[in-house]
Amino acid sequence: MEAYLRPAVIGVMIFVVFNLLIVASAILVLAERKIMGFMQQRYGPYLVGPHGMLQPIADILKLVFKEELRPKGADKLLFTLAPILSIVTAFVAFATVPFGAETTFFGLLDEPIKLGIADINVGVLVIFAVTSMGVYGIVLAGWSSNSKYSLFGGLRASAQMISYELSYATALAAVLILPNVPSLSLRDVVDAQAGYFSGWLSVVPHWFVFLQPVGFIIYVIAGVAETNRAPFDFPEAEQELVAGYNTEYSSVRFALFPQAEYINMVTMSAVATDLYLGGWHGPFLPVEYGWIWFLVKVGIILFTYIWVRWTVPRYRYDQLMKFGWKWLFPAAVLNLIATAALVLYFNA
Amino acid sequence: MPETVVFYLFAGLAVGASALVIGQRNPMYSVLLLIASFGALSGLYVLLDAPFVAVAQIIIYAGAIMVLFLFVVMLLNAPKEDAAEWDRTHPLRVPGVARWGTLLAGLLIVQLAMALTAIRDLGAPVGSRTDALTVSSVSDLGRVLFTRHTFAFEATSILILVAMVGAVVLARRESEQ
């Protein structure tokens, strides 16, 4: 590819990913309501479009045409800034997530391109850094609303995210010290998972979930808490806090919070796929069409997210903190130490 | 040339935000401006070919420590600092404290000037120094940290541990009274 074309290709990639994330969040809204309906033995949304497929568009239109309200005592600047901060960090976090090997899109392009926006050698840490900034959106929304329910939602969000970020990062570190991971770039992590195990395990793909089963479970649990999903959705626990940090929001400002949450879910699932489930590597498909595998894996994790939300009831807040600090974090640290010891033992 | 523009952008943002942190009275805005200043600093690290340090800056300072700051500000629900009250009763207005503070600030300025004049190859372009690779590669950075600088690393850890134990002791004594 000529050098002058590179910025253009990156620009197109950013545009495509941006819109894919918006579409994904719309699909997730529908999927959530449909699956919830199925689990509660009812139809779910059924009236707009065939089988209610156009329901997300109706939802968005309704929210856009609502009146934007702001409480009198609210901090004007921060009240507006908070949802923007939420959505921007949600989008930016996807910037270093690779989602496919080199492809020409069925021969459409002359030269293959790598699927993913930026490939930098600290990619994993960039995602972690940006998602950790996402908490400010929620905290500021809670504080600037000048309402006690919102304030409690924001307080809970900051405490919860700090607690679970530790377990999340420790689980992630255990993957990065595996011997065949050359750098902190997610693309390198995925490429280290190509192929199958050797010997009598040769039918099992070389995915890190089989090397790091405990780490994967910790990552998924901490991921649920990081994205504020039930059973860990304390920042917006309805029966205690009305709607938590977004109680005072309406119209588009309100809509940006759930959208950021859904995009964060997609990012979390995509990173889990890249780190543990082999990314775009899988049987049957050539690696050029690997993005299909990637979509399937991300879809399965997202379904599990929704499945868990409508199956497991909400914890109690003190139980959440106790679980995070007394069980999840020690388990993550032990996993890290055990992994390091095994890597040293077998590689020395 | 574009690097220079970006440098002055980030540097201006860092200095401006830091000045505003102490320049205005709402503690919430101070915390947020400090975060903006850290973000600008991290941009400067990227310009210095040290992406790992840049990301660590965001994760540790902007992502974790400032969340704790924000948590405390929200928990205490700190009001805006009132000008009249500040003038008379603030502990910093005590003459002795003010004098010592001025002395220390003067020392800091002298120290900064000496440090800046002591750097010889200030004109060398970014990345031409011999240890540039060490800063940019995570594994090299880790190796240097745990071999050549082990003592400093461990001493810092103990310092933080002592600070934590001290905080727990102070907090407990207060709650028993």
# chains A, B, ... in the order shown; residues from 1 in each chain; ligands from 1
>>> residues_around(residues="Asn246 (chain A)", least_positions_apart="3", cutoff="8 Å", atoms="only C-alpha atoms", output="number ranges by chain")
A: 141-142, 150, 236, 243, 249, 254, 257
>>> closest_atom_pairs(of="chain B", to="chain A", cutoff="8 Å", atoms="only C-alpha atoms", output="CSV")
residue,atom,partner,partner_atom,distance
B:Pro51,CA,A:Val122,CA,7.0
B:Phe52,CA,A:Val122,CA,6.4
B:Val55,CA,A:Val126,CA,6.1
B:Ala56,CA,A:Ala129,CA,7.9
B:Ile58,CA,A:Ala129,CA,5.9
B:Ile59,CA,A:Ala129,CA,4.7
B:Ala62,CA,A:Met133,CA,7.2
B:Gly63,CA,A:Ser132,CA,5.2
B:Ala64,CA,A:Ile162,CA,6.7
B:Val67,CA,A:Ser158,CA,6.5
B:Leu68,CA,A:Ser158,CA,7.7
B:Phe71,CA,A:Leu155,CA,6.4
B:Met74,CA,A:Trp143,CA,7.0
B:Leu75,CA,A:Leu155,CA,7.4
>>> write_last_selection(atoms="C-alpha atoms", output="mmCIF file, in the first residue's frame")
data_model
loop_
_atom_site.group_PDB
_atom_site.id
_atom_site.type_symbol
_atom_site.label_atom_id
_atom_site.label_comp_id
_atom_site.auth_asym_id
_atom_site.auth_seq_id
_atom_site.Cartn_x
_atom_site.Cartn_y
_atom_site.Cartn_z
ATOM 1 C CA PRO B 51 4.273 4.880 25.527
ATOM 2 C CA PHE B 52 4.465 2.583 28.548
ATOM 3 C CA VAL B 55 -0.183 4.613 29.787
ATOM 4 C CA ALA B 56 1.037 3.922 33.326
ATOM 5 C CA ILE B 58 -3.093 7.402 32.948
ATOM 6 C CA ILE B 59 -3.832 4.093 34.694
ATOM 7 C CA ALA B 62 -5.721 9.604 36.308
ATOM 8 C CA GLY B 63 -7.497 6.249 36.579
ATOM 9 C CA ALA B 64 -6.948 5.149 40.159
ATOM 10 C CA VAL B 67 -10.872 8.389 41.497
ATOM 11 C CA LEU B 68 -9.991 8.099 45.184
ATOM 12 C CA PHE B 71 -14.449 9.752 46.092
ATOM 13 C CA MET B 74 -17.854 13.547 47.114
ATOM 14 C CA LEU B 75 -18.008 11.711 50.443
#
>>> residues_around(residues="Leu47 (chain B)", least_positions_apart="4", cutoff="10 Å", atoms="only C-alpha atoms", output="short mmCIF file (atom, residue, chain, number, x, y, z; two decimals) with C-alpha atoms, in the first residue's frame")
data_model
loop_
_atom_site.label_atom_id
_atom_site.label_comp_id
_atom_site.auth_asym_id
_atom_site.auth_seq_id
_atom_site.Cartn_x
_atom_site.Cartn_y
_atom_site.Cartn_z
CA GLU B 3 5.63 17.41 16.91
CA THR B 4 6.57 20.87 18.13
CA VAL B 6 1.67 19.07 19.67
CA PHE B 7 4.34 19.57 22.33
CA PHE B 10 0.18 19.49 25.65
CA LEU B 41 1.58 14.96 30.81
CA SER B 42 0.86 11.53 29.42
CA GLY B 43 0.65 13.08 25.94
CA PRO B 51 4.27 4.88 25.53
CA ALA B 54 2.34 7.42 29.29
CA VAL B 126 14.19 13.01 21.02
CA GLY B 127 15.12 9.34 20.68
#
>>> residues_around(residues="region 205-211 of chain A", least_positions_apart="5", cutoff="10 Å", atoms="only C-alpha atoms", output="ChimeraX atom specification")
/A:175,178,189-190,192-198,216-217,272-279,281-283,339
>>> write_last_selection(atoms="N, CA and C atoms", output="short mmCIF file (atom, residue, chain, number, x, y, z; two decimals), in the first residue's frame")
data_model
loop_
_atom_site.label_atom_id
_atom_site.label_comp_id
_atom_site.auth_asym_id
_atom_site.auth_seq_id
_atom_site.Cartn_x
_atom_site.Cartn_y
_atom_site.Cartn_z
N VAL A 175 -2.17 -13.42 31.83
CA VAL A 175 -2.11 -13.81 30.41
C VAL A 175 -0.82 -13.28 29.79
N LEU A 178 2.52 -15.25 30.01
CA LEU A 178 2.66 -16.57 29.39
C LEU A 178 3.84 -16.54 28.42
N VAL A 189 -0.91 -11.09 21.16
CA VAL A 189 -1.54 -12.05 22.08
C VAL A 189 -2.41 -13.02 21.30
N VAL A 190 -3.17 -12.49 20.33
CA VAL A 190 -4.05 -13.35 19.53
C VAL A 190 -3.23 -14.29 18.68
N ALA A 192 -0.41 -15.50 19.25
CA ALA A 192 0.20 -16.54 20.06
C ALA A 192 -0.78 -17.69 20.32
N GLN A 193 -2.06 -17.49 19.98
CA GLN A 193 -3.06 -18.52 20.23
C GLN A 193 -3.43 -19.29 18.98
N ALA A 194 -2.66 -19.12 17.90
CA ALA A 194 -2.96 -19.85 16.66
C ALA A 194 -2.63 -21.32 16.83
N GLY A 195 -3.31 -22.18 16.06
CA GLY A 195 -2.98 -23.59 16.04
C GLY A 195 -3.56 -24.37 17.22
N TYR A 196 -3.00 -25.56 17.44
CA TYR A 196 -3.54 -26.48 18.45
C TYR A 196 -2.45 -26.87 19.44
N PHE A 197 -2.87 -27.45 20.56
CA PHE A 197 -1.90 -27.98 21.51
C PHE A 197 -1.18 -29.15 20.88
N SER A 198 0.00 -29.48 21.39
CA SER A 198 0.75 -30.60 20.81
C SER A 198 0.41 -31.89 21.56
N PHE A 216 -9.68 -16.54 33.34
CA PHE A 216 -10.82 -16.21 32.47
C PHE A 216 -12.07 -15.95 33.30
N ILE A 217 -12.31 -16.81 34.29
CA ILE A 217 -13.50 -16.62 35.14
C ILE A 217 -13.41 -15.31 35.90
N ALA A 272 -12.01 -9.95 25.86
CA ALA A 272 -11.99 -11.32 26.39
C ALA A 272 -11.75 -12.31 25.27
N THR A 273 -12.37 -12.08 24.10
CA THR A 273 -12.16 -12.97 22.96
C THR A 273 -10.70 -12.93 22.51
N ASP A 274 -10.13 -11.73 22.44
CA ASP A 274 -8.73 -11.61 22.01
C ASP A 274 -7.77 -12.24 23.01
N LEU A 275 -8.07 -12.06 24.32
CA LEU A 275 -7.12 -12.52 25.33
C LEU A 275 -7.23 -14.01 25.59
N TYR A 276 -8.46 -14.54 25.60
CA TYR A 276 -8.64 -15.91 26.09
C TYR A 276 -9.17 -16.87 25.04
N LEU A 277 -10.01 -16.39 24.12
CA LEU A 277 -10.72 -17.33 23.23
C LEU A 277 -10.10 -17.38 21.84
N GLY A 278 -8.84 -16.99 21.72
CA GLY A 278 -8.16 -17.17 20.44
C GLY A 278 -8.50 -16.14 19.39
N GLY A 279 -9.24 -15.09 19.73
CA GLY A 279 -9.53 -14.03 18.76
C GLY A 279 -10.19 -14.57 17.50
N HIS A 281 -8.90 -16.87 15.55
CA HIS A 281 -8.44 -18.22 15.20
C HIS A 281 -9.49 -19.24 15.61
N GLY A 282 -9.77 -20.18 14.70
CA GLY A 282 -10.73 -21.22 15.01
C GLY A 282 -10.70 -22.26 13.91
N PRO A 283 -11.31 -23.42 14.16
CA PRO A 283 -11.32 -24.47 13.14
C PRO A 283 -12.22 -24.11 11.95
N THR A 339 0.86 -18.87 37.95
CA THR A 339 1.25 -18.81 36.54
C THR A 339 2.73 -18.49 36.40
#
